[in-house]
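Engineer: Can you read through this structure? Questions will come right after.
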Amino acid sequence: MKTIRVVAAITKAVNEKGETIIFATQRGYGDFKGGWEFPGGKIEEGETPQEALKREIMEELETEIVVGELIDTIEYDYPTFHLSMDCFWVEIVSGDLVLTEHAAAKWLTKEELYSVEWLPADITLIEKIKAAI
Ligand SMILES: Nc1nc2c([nH]c(=O)n2[C@H]2C[C@H](O)[C@@H](COP(=O)(O)OP(=O)(O)OP(=O)(O)O)O2)c(=O)[nH]1
Ligand SMILES: [Mg+2]
């Protein structure tokens, strides 16, 4: 099966109540339209995962980031491809998280993490994030 290498950005912030919140986006087009994910996308030839993630977040959200620690690499078999997805903590340097491709976005508290319909590959990642915040 074909492997697709993807990078995803997990952004943490603190809300007015002092709770940690995580940025999630809803896919606006394609096979997984309507599903929730972390912004990011496919690594292109010659890019490091970190370079790919910076490029994707600029394209998808018009936002500049610094890529931090790797949280996990998700390996998941979809019916037609194998997904290998590097998931990084990121920090926003500048920009307003403008949705250029996504249908919607939400900041989720720890308790709200399961309130959206995540893409199937993301479920184990959500557990890790929940444990880390
Ligand atoms: N970005 C992202 N993709 C995910 C997640 N979970 C998951 O299964 N995927 C899958 C969906 C897609 O098949 C693939 C990533 O593709 P993508 O559509 O974001 O790639 P891209 O931004 O380069 O977009 P495109 O140019 O191919 O349209 O990984 C996730 O949390 N974030
Ligand atoms: Mg994408």
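Residue numbers start at 1 in each chain; chains themselves are named A, B, ... in the order of the structure tokens; ligands are numbered from 1 in the order shown.
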Within 9 Å of ligand 1 (counting only C-alpha atoms and all ligand atoms), which residues show up? I'd like them as an NGL selection string.
Structural biologist: :A and (4-10 or 24-25 or 27 or 29-32 or 35-44 or 56-57 or 59-60 or 74 or 76 or 78 or 81 or 83-85 or 87 or 101 or 118-122 or 125)
Engineer: Apply DSSP to the backbone of this structure and, from region 34-78 of chain A, keep only the residues in helix (DSSP H, G or I); write these as a short mmCIF file (atom, residue, chain, number, x, y, z; two decimals) with C-alpha atoms, in the first residue's frame.
Structural biologist:
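This is the output file part14.cif:
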data_model
loop_
_atom_site.label_atom_id
_atom_site.label_comp_id
_atom_site.auth_asym_id
_atom_site.auth_seq_id
_atom_site.Cartn_x
_atom_site.Cartn_y
_atom_site.Cartn_z
CA PRO A 49 8.98 17.51 8.39
CA GLN A 50 9.56 20.84 10.17
CA GLU A 51 9.88 22.75 6.88
CA ALA A 52 6.74 21.10 5.55
CA LEU A 53 4.80 22.04 8.67
CA LYS A 54 5.88 25.69 8.53
CA ARG A 55 4.87 25.85 4.85
CA GLU A 56 1.52 24.13 5.42
CA ILE A 57 0.53 26.39 8.33
CA MET A 58 1.42 29.47 6.30
CA GLU A 59 -0.71 28.15 3.38
CA GLU A 60 -3.66 26.96 5.44
CA LEU A 61 -3.74 29.59 8.21
#
Engineer: CA of Glu117 (chain A) and CA of Gly28 (chain A) are how many Å apart?
Structural biologist: 13.6 Å
Engineer: One decimal, in Å: what's the spacing between CA of Ile123 (chain A) and CA of Thr73 (chain A)?
Structural biologist: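 Distance between the two atoms: 12.6 Å.
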Engineer: Counting only C-alpha atoms, what is within 9 Å of Leu70 (chain A), bar same-chain residues fewer than 4 positions away, as a list in words?
Structural biologist: Asp86, Cys87, Phe88 and Trp89 of chain A
Engineer: Output N, CA and C atoms for every residue in that selection, as a PDB file, in the first residue's frame.
Structural biologist:
ATOM      1  N   ASP A  86       3.669  12.762  11.405  1.00  0.00           N
ATOM      2  CA  ASP A  86       4.450  13.354  12.494  1.00  0.00           C
ATOM      3  C   ASP A  86       3.651  14.505  13.107  1.00  0.00           C
ATOM      4  N   CYS A  87       3.426  14.436  14.406  1.00  0.00           N
ATOM      5  CA  CYS A  87       2.602  15.438  15.097  1.00  0.00           C
ATOM      6  C   CYS A  87       3.471  16.227  16.067  1.00  0.00           C
ATOM      7  N   PHE A  88       3.569  17.526  15.835  1.00  0.00           N
ATOM      8  CA  PHE A  88       4.467  18.386  16.610  1.00  0.00           C
ATOM      9  C   PHE A  88       3.687  19.412  17.435  1.00  0.00           C
ATOM     10  N   TRP A  89       4.210  19.722  18.609  1.00  0.00           N
ATOM     11  CA  TRP A  89       3.777  20.934  19.300  1.00  0.00           C
ATOM     12  C   TRP A  89       4.315  22.104  18.492  1.00  0.00           C
TER      13      TRP A  89
END
Engineer: State, in Å with one decimal place, the distance from CA of Ala132 (chain A) to CA of Lys12 (chain A).
Structural biologist: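 These atoms are spaced 10.9 Å apart.
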Engineer: Pick the closest to ligand 2 from A:Trp107, A:Lys33, A:Lys130, A:Ser115: which is it, counting only C-alpha atoms and all ligand atoms?
Structural biologist: A:Lys33
